[in-house]
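Novice: my_file_1.pdb is reproduced below (PDB, C-alpha atoms).
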ATOM      1  CA  GLY H   3     -27.990  40.315 -10.337
ATOM      2  CA  ASN H   4     -28.651  43.923 -11.297
ATOM      3  CA  SER H   5     -26.290  44.524 -14.208
ATOM      4  CA  PHE H   6     -28.374  47.368 -15.639
ATOM      5  CA  GLU H   7     -27.471  49.615 -12.717
ATOM      6  CA  TYR H   8     -23.814  49.397 -13.641
ATOM      7  CA  TYR H   9     -24.529  49.495 -17.380
ATOM      8  CA  TYR H  10     -26.437  52.774 -17.329
ATOM      9  CA  ASP H  11     -24.692  54.551 -14.476
ATOM     10  CA  TYR H  12     -21.178  53.714 -15.620
ATOM     11  CA  TYR H  13     -21.020  52.559 -19.229
ATOM     12  CA  ARG H  14     -23.708  54.953 -20.474
ATOM     13  CA  GLY H  15     -23.187  57.778 -18.009
ATOM     14  CA  ILE H  16     -20.003  58.294 -16.064
ATOM     15  CA  MET H  17     -17.482  56.744 -18.446
ATOM     16  CA  PRO H  18     -18.507  58.615 -21.632
ATOM     17  CA  TRP H  19     -18.944  61.863 -19.698
ATOM     18  CA  SER H  20     -15.443  61.543 -18.192
ATOM     19  CA  GLN H  21     -14.058  60.521 -21.603
ATOM     20  CA  LEU H  22     -12.979  57.067 -20.456
ATOM     21  CA  THR H  23     -15.054  55.346 -23.133
ATOM     22  CA  VAL H  24     -16.745  56.371 -26.345
ATOM     23  CA  SER H  25     -19.376  54.835 -28.600
ATOM     24  CA  SER H  26     -17.998  52.926 -31.592
ATOM     25  CA  ASN H  27     -19.643  55.590 -33.762
ATOM     26  CA  GLY H  28     -18.357  58.443 -31.657
ATOM     27  CA  ASN H  29     -20.308  60.536 -29.174
ATOM     28  CA  ALA H  30     -23.045  62.613 -30.756
ATOM     29  CA  GLN H  31     -23.440  66.187 -29.595
ATOM     30  CA  GLU H  32     -26.450  65.288 -27.463
ATOM     31  CA  PHE H  33     -25.010  62.007 -26.094
ATOM     32  CA  MET H  34     -25.695  63.036 -22.484
ATOM     33  CA  ASN H  35     -29.211  64.349 -23.043
ATOM     34  CA  ASN H  36     -30.969  61.055 -22.329
ATOM     35  CA  ALA H  37     -30.653  60.052 -18.675
ATOM     36  CA  ALA H  38     -33.862  58.036 -18.509
ATOM     37  CA  ASN H  39     -32.309  54.941 -16.961
ATOM     38  CA  MET H  40     -29.637  56.601 -14.843
ATOM     39  CA  ASN H  41     -29.413  56.548 -11.041
ATOM     40  CA  ALA H  42     -30.835  53.064 -10.570
ATOM     41  CA  ARG H  43     -28.939  52.952  -7.280
ATOM     42  CA  TYR H  44     -31.520  55.267  -5.666
ATOM     43  CA  ALA H  45     -34.481  53.071  -6.614
ATOM     44  CA  ASN H  46     -32.574  49.917  -5.656
ATOM     45  CA  PHE H  47     -31.749  51.229  -2.201
ATOM     46  CA  TYR H  48     -35.241  52.452  -1.355
ATOM     47  CA  GLY H  49     -37.053  49.713  -3.263
ATOM     48  CA  THR H  50     -35.046  46.666  -2.208
ATOM     49  CA  TYR H  51     -31.640  46.689  -0.512
ATOM     50  CA  GLY H  52     -32.210  49.266   2.200
ATOM     51  CA  GLY H  53     -35.486  47.683   3.264
ATOM     52  CA  LEU H  54     -34.082  44.154   3.404
ATOM     53  CA  LEU H  55     -31.086  45.226   5.477
ATOM     54  CA  THR H  56     -33.341  47.236   7.790
ATOM     55  CA  ASP H  57     -35.542  44.154   8.225
ATOM     56  CA  MET H  58     -32.517  42.064   9.219
ATOM     57  CA  ILE H  59     -31.459  44.633  11.806
ATOM     58  CA  TYR H  60     -35.025  44.996  13.116
ATOM     59  CA  ILE H  61     -35.523  41.237  13.488
ATOM     60  CA  ILE H  62     -32.272  40.897  15.447
ATOM     61  CA  ASN H  63     -33.092  43.906  17.643
ATOM     62  CA  ASN H  64     -36.388  42.266  18.618
ATOM     63  CA  LYS H  65     -34.873  38.989  19.737
ATOM     64  CA  THR H  66     -34.286  38.316  23.410
ATOM     65  CA  THR H  67     -31.159  39.860  24.906
ATOM     66  CA  GLN H  68     -29.491  36.445  24.956
ATOM     67  CA  GLU H  69     -30.340  35.797  21.301
ATOM     68  CA  GLN H  70     -29.219  39.287  20.251
ATOM     69  CA  SER H  71     -25.811  38.565  21.722
ATOM     70  CA  ARG H  72     -25.423  35.642  19.284
ATOM     71  CA  TYR H  73     -26.182  37.773  16.218
ATOM     72  CA  VAL H  74     -23.704  40.623  16.687
ATOM     73  CA  TYR H  75     -21.706  39.549  13.623
ATOM     74  CA  VAL H  76     -24.766  39.168  11.384
ATOM     75  CA  LYS H  77     -26.156  42.524  12.472
ATOM     76  CA  SER H  78     -22.751  44.170  12.012
ATOM     77  CA  VAL H  79     -22.466  42.947   8.422
ATOM     78  CA  ALA H  80     -25.994  44.201   7.679
ATOM     79  CA  ARG H  81     -25.126  47.622   9.107
ATOM     80  CA  ILE H  82     -21.900  47.877   7.106
ATOM     81  CA  MET H  83     -23.717  46.953   3.907
ATOM     82  CA  LYS H  84     -26.519  49.434   4.606
ATOM     83  CA  VAL H  85     -24.084  52.279   5.306
ATOM     84  CA  TYR H  86     -22.035  51.423   2.239
ATOM     85  CA  TYR H  87     -24.990  51.406  -0.130
ATOM     86  CA  ALA H  88     -26.539  54.526   1.441
ATOM     87  CA  TRP H  89     -23.237  56.341   0.928
ATOM     88  CA  TYR H  90     -23.122  55.056  -2.652
ATOM     89  CA  VAL H  91     -26.591  56.564  -3.198
ATOM     90  CA  SER H  92     -25.848  59.846  -1.431
ATOM     91  CA  ASP H  93     -22.631  60.218  -3.395
ATOM     92  CA  VAL H  94     -24.635  61.213  -6.472
ATOM     93  CA  ASN H  95     -27.916  62.330  -4.864
ATOM     94  CA  GLY H  96     -26.781  64.401  -1.906
ATOM     95  CA  SER H  97     -29.359  64.719   0.872
ATOM     96  CA  MET H  98     -31.629  61.713   1.429
ATOM     97  CA  PRO H  99     -33.676  60.000   4.176
ATOM     98  CA  TYR H 100     -31.709  57.553   6.285
ATOM     99  CA  LEU H 101     -32.455  57.454  10.004
ATOM    100  CA  ASP H 102     -36.254  57.529   9.549
ATOM    101  CA  ALA H 103     -36.317  55.559   6.296
ATOM    102  CA  PHE H 104     -37.851  52.044   6.037
ATOM    103  CA  GLN H 105     -39.645  52.390   9.371
ATOM    104  CA  ALA H 106     -43.283  52.674   8.196
ATOM    105  CA  ARG H 107     -43.997  48.957   8.562
ATOM    106  CA  TYR H 108     -42.724  49.104  12.124
ATOM    107  CA  GLY H 109     -44.897  52.004  13.213
ATOM    108  CA  GLY H 110     -42.587  54.728  11.944
ATOM    109  CA  THR H 111     -43.304  57.587   9.594
ATOM    110  CA  LYS H 112     -44.281  57.279   5.944
ATOM    111  CA  THR H 113     -42.607  60.633   5.271
ATOM    112  CA  PRO H 114     -39.061  60.245   6.631
ATOM    113  CA  LYS H 115     -37.060  63.412   7.021
ATOM    114  CA  TYR H 116     -34.035  64.046   4.850
ATOM    115  CA  GLU H 117     -30.564  64.319   6.332
ATOM    116  CA  THR H 118     -28.168  66.642   4.563
ATOM    117  CA  GLN H 119     -25.156  65.005   2.992
ATOM    118  CA  ASP H 120     -22.966  66.614   5.642
ATOM    119  CA  GLN H 121     -25.124  65.038   8.355
ATOM    120  CA  LEU H 122     -25.128  61.700   6.547
ATOM    121  CA  TYR H 123     -21.347  61.540   6.337
ATOM    122  CA  LYS H 124     -21.148  62.054  10.105
ATOM    123  CA  ILE H 125     -23.822  59.399  10.685
ATOM    124  CA  PHE H 126     -22.061  56.932   8.373
ATOM    125  CA  ASP H 127     -18.684  57.446  10.028
ATOM    126  CA  ASP H 128     -20.089  57.088  13.548
ATOM    127  CA  GLU H 129     -21.978  53.927  12.606
ATOM    128  CA  LEU H 130     -19.001  52.242  10.950
ATOM    129  CA  LYS H 131     -16.793  53.106  13.910
ATOM    130  CA  GLU H 132     -19.364  51.676  16.331
ATOM    131  CA  VAL H 133     -19.768  48.491  14.283
ATOM    132  CA  VAL H 134     -16.029  47.827  14.252
ATOM    133  CA  ASN H 135     -15.857  48.274  18.035
ATOM    134  CA  GLN H 136     -18.734  45.836  18.513
ATOM    135  CA  ILE H 137     -17.125  43.203  16.287
ATOM    136  CA  GLN H 138     -13.800  43.512  18.078
ATOM    137  CA  ASN H 139     -15.427  43.241  21.504
ATOM    138  CA  THR H 140     -17.436  40.127  20.660
ATOM    139  CA  ILE H 141     -16.229  36.587  21.314
ATOM    140  CA  ALA H 142     -16.273  34.731  17.990
ATOM    141  CA  THR H 143     -17.275  31.386  19.479
ATOM    142  CA  SER H 144     -20.492  32.909  20.828
ATOM    143  CA  GLN H 145     -21.730  33.905  17.378
ATOM    144  CA  VAL H 146     -24.097  32.326  14.882
ATOM    145  CA  THR H 147     -21.941  31.279  11.932
ATOM    146  CA  PHE H 148     -22.575  32.483   8.397
ATOM    147  CA  GLY H 149     -21.891  29.123   6.798
ATOM    148  CA  ASN H 150     -21.716  29.706   3.045
ATOM    149  CA  LYS H 151     -24.091  32.692   3.141
ATOM    150  CA  ASP H 152     -21.391  35.380   3.272
ATOM    151  CA  LEU H 153     -20.424  35.674  -0.398
ATOM    152  CA  ILE H 154     -18.013  38.556   0.207
ATOM    153  CA  TYR H 155     -15.694  37.417   2.997
ATOM    154  CA  GLY H 156     -16.919  33.945   3.926
ATOM    155  CA  GLY H 157     -17.684  34.981   7.491
ATOM    156  CA  LYS H 158     -14.146  36.290   8.168
ATOM    157  CA  MET H 159     -14.877  39.205  10.456
ATOM    158  CA  ASP H 160     -11.329  40.541  10.305
ATOM    159  CA  LYS H 161     -12.044  41.226   6.622
ATOM    160  CA  TRP H 162     -15.262  43.048   7.467
ATOM    161  CA  ILE H 163     -13.329  45.191   9.950
ATOM    162  CA  LYS H 164     -10.868  46.126   7.213
ATOM    163  CA  ALA H 165     -13.726  46.943   4.841
ATOM    164  CA  ALA H 166     -15.508  49.149   7.386
ATOM    165  CA  ASN H 167     -12.329  51.052   8.240
ATOM    166  CA  THR H 168     -11.454  51.534   4.591
ATOM    167  CA  ILE H 169     -14.963  52.758   3.773
ATOM    168  CA  ARG H 170     -14.524  55.355   6.532
ATOM    169  CA  ILE H 171     -11.463  56.666   4.709
ATOM    170  CA  LYS H 172     -13.229  56.673   1.332
ATOM    171  CA  ILE H 173     -16.111  58.675   2.780
ATOM    172  CA  ALA H 174     -13.723  61.058   4.525
ATOM    173  CA  LEU H 175     -11.910  61.770   1.262
ATOM    174  CA  ARG H 176     -15.130  63.313  -0.072
ATOM    175  CA  LEU H 177     -14.558  66.059   2.508
ATOM    176  CA  SER H 178     -11.148  67.059   1.127
ATOM    177  CA  LYS H 179     -12.438  70.432  -0.130
ATOM    178  CA  ARG H 180     -15.627  70.774   1.921
ATOM    179  CA  ASP H 181     -14.186  70.071   5.383
ATOM    180  CA  PRO H 182     -10.483  69.124   5.219
ATOM    181  CA  GLN H 183     -10.081  69.400   8.991
ATOM    182  CA  ARG H 184     -12.757  66.775   9.649
ATOM    183  CA  MET H 185     -11.292  64.599   6.916
ATOM    184  CA  ALA H 186      -7.907  64.704   8.633
ATOM    185  CA  VAL H 187      -9.416  63.822  12.015
ATOM    186  CA  ILE H 188     -11.153  60.749  10.579
ATOM    187  CA  ILE H 189      -8.140  59.557   8.615
ATOM    188  CA  ASN H 190      -5.802  60.041  11.581
ATOM    189  CA  ASP H 191      -8.215  58.046  13.722
ATOM    190  CA  VAL H 192      -8.457  55.114  11.311
ATOM    191  CA  ILE H 193      -5.075  55.016   9.570
ATOM    192  CA  SER H 194      -3.450  52.859  12.263
ATOM    193  CA  LYS H 195      -6.351  50.397  12.303
ATOM    194  CA  PRO H 196      -6.717  47.291  10.084
ATOM    195  CA  LEU H 197      -7.289  48.354   6.468
ATOM    196  CA  MET H 198      -7.664  46.686   3.094
ATOM    197  CA  THR H 199      -4.104  46.183   1.879
ATOM    198  CA  SER H 200      -4.222  43.387  -0.702
ATOM    199  CA  PRO H 201      -6.478  41.957  -3.433
ATOM    200  CA  ASP H 202      -7.507  39.293  -0.918
ATOM    201  CA  ASP H 203      -9.310  42.050   1.016
ATOM    202  CA  ASP H 204     -11.325  43.103  -2.031
ATOM    203  CA  PHE H 205     -14.890  44.135  -1.129
ATOM    204  CA  SER H 206     -16.726  42.193  -3.829
ATOM    205  CA  ILE H 207     -18.859  39.098  -4.209
ATOM    206  CA  ARG H 208     -16.928  35.872  -4.674
ATOM    207  CA  GLY H 209     -18.731  33.551  -7.050
ATOM    208  CA  ARG H 210     -18.758  29.919  -6.029
ATOM    209  CA  ARG H 211     -19.834  26.692  -7.658
ATOM    210  CA  PHE H 212     -23.094  25.295  -6.354
ATOM    211  CA  THR H 213     -23.450  21.524  -6.160
ATOM    212  CA  GLU H 214     -26.467  19.450  -5.295
TER
END
If you convert what's in this file into structure tokens, what do you get?
Specialist:
Amino acid sequence: GNSFEYYYDYYRGIMPWSQLTVSSNGNAQEFMNNAANMNARYANFYGTYGGLLTDMIYIINNKTTQEQSRYVYVKSVARIMKVYYAWYVSDVNGSMPYLDAFQARYGGTKTPKYETQDQLYKIFDDELKEVVNQIQNTIATSQVTFGNKDLIYGGKMDKWIKAANTIRIKIALRLSKRDPQRMAVIINDVISKPLMTSPDDDFSIRGRRFTE
């Protein structure tokens, strides 16, 4: 529902700058001077998405052990989405708070420390790897079902595994010049695992018709 994020970041920012698109009147000399509405992703993550996903994870973590065991899939999806969007934010902002972020309402700090982007990429990779292992080691019949609430994969956890593994590769590719050895280690670890291989695996929201 947040089309302006894409509009400003891509149509008004990245695409003209990379010469993929141009205004119908041509780009003026100062066409990149106004960045007033750019980087909405940062405000969205810290103002909405990151907090909501953290709340989901926190609520599940505070259930009884028996109840927690029924919400492994739900928690895993929340963690994948949080890592994905945090990476999306860090990709253009670099260092940012992650581990200590969103914890103030739960007794944590109001001034979370920043992780460097190098630290974040390690954290993201470790978390995605852990999530995939947890999904694969969980019996599906023991889990709370998503019903029609999973608008991306319809509760198909094999698809979420593919998404998490593929995101690991996408993050690793950012290290191609910074740390090619670590990139190779990650890719070699994940390349034989389930990956997104067809349009059916696409990591995007599927619209559906709502009926009364």
Novice: At a cut-off of 8 Å, using only C-alpha atoms, what residues contact stretch 185-198 of chain H? Leave out same-chain residues fewer than 6 positions from it and give the result as a PyMOL selection string.
Specialist: chain H and resi 161+163-165+167-168+170-171+174-175+177-178+204
Novice: For those residues, write C-alpha atoms to a file as a PDB file, in the frame of the given file.
Specialist:
ATOM      1  CA  LYS H 161     -12.044  41.226   6.622  1.00  0.00           C
ATOM      2  CA  ILE H 163     -13.329  45.191   9.950  1.00  0.00           C
ATOM      3  CA  LYS H 164     -10.868  46.126   7.213  1.00  0.00           C
ATOM      4  CA  ALA H 165     -13.726  46.943   4.841  1.00  0.00           C
ATOM      5  CA  ASN H 167     -12.329  51.052   8.240  1.00  0.00           C
ATOM      6  CA  THR H 168     -11.454  51.534   4.591  1.00  0.00           C
ATOM      7  CA  ARG H 170     -14.524  55.355   6.532  1.00  0.00           C
ATOM      8  CA  ILE H 171     -11.463  56.666   4.709  1.00  0.00           C
ATOM      9  CA  ALA H 174     -13.723  61.058   4.525  1.00  0.00           C
ATOM     10  CA  LEU H 175     -11.910  61.770   1.262  1.00  0.00           C
ATOM     11  CA  LEU H 177     -14.558  66.059   2.508  1.00  0.00           C
ATOM     12  CA  SER H 178     -11.148  67.059   1.127  1.00  0.00           C
ATOM     13  CA  ASP H 204     -11.325  43.103  -2.031  1.00  0.00           C
TER      14      ASP H 204
END
Novice: Run through the PyMOL selection byres ((chain H and resi 151) around 12) on the given coordinates and return the selected residues as JSON, numbers by chain.
Specialist: {"H": [76, 79, 146, 147, 148, 149, 150, 152, 153, 154, 155, 156, 157, 158, 207, 208, 209, 210]}
Novice: Between H:Phe126, H:Arg180, H:Gln136, H:Ala80, which has the minimum distance to H:Leu101 (counting all atoms listed in the file)?
Specialist: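 Comparing H:Phe126, H:Arg180, H:Gln136, H:Ala80 against H:Leu101, the winner is H:Phe126.
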Novice: Taking into account all atoms listed in the file, which residue in the set H:Glu117, H:Asp57, H:Glu132, H:Asp202 is nearest to H:Ala166?
Specialist: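 The closest residue to H:Ala166 is H:Glu132.
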Novice: Could you check which of H:Tyr73, H:Ser5, H:Gly52, H:Ile173 is closest to H:Asp102, using all atoms listed in the file?
Specialist: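 Of the candidates, the smallest distance to H:Asp102 is held by H:Gly52.
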Novice: Any idea what the distance is between atom CA of H:Tyr100 and atom CA of H:Lys112?
Specialist: 12.6 Å
Novice: Please, what distance in Å, to one decimal, runs between atom CA of H:Asn41 and atom CA of H:Asp11?
Specialist: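 The value is 6.2 Å.
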Novice: Could you give me the axis-aligned bounding box of stretch 96-109 of chain H, with 5 Å of padding per side, as centre plus edge lengths in Å to one decimal, as AutoDock Vina command-line options?
Specialist:
--center_x -35.8 --center_y 56.8 --center_z 5.7 --size_x 28.1 --size_y 25.8 --size_z 25.1
Novice: What does the structure give for the distance between atom CA of H:Val85 and atom CA of H:Pro18, in Å to one decimal?
Specialist: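 Atom CA of H:Pro18 lies at a distance of 28.2 Å from atom CA of H:Val85.
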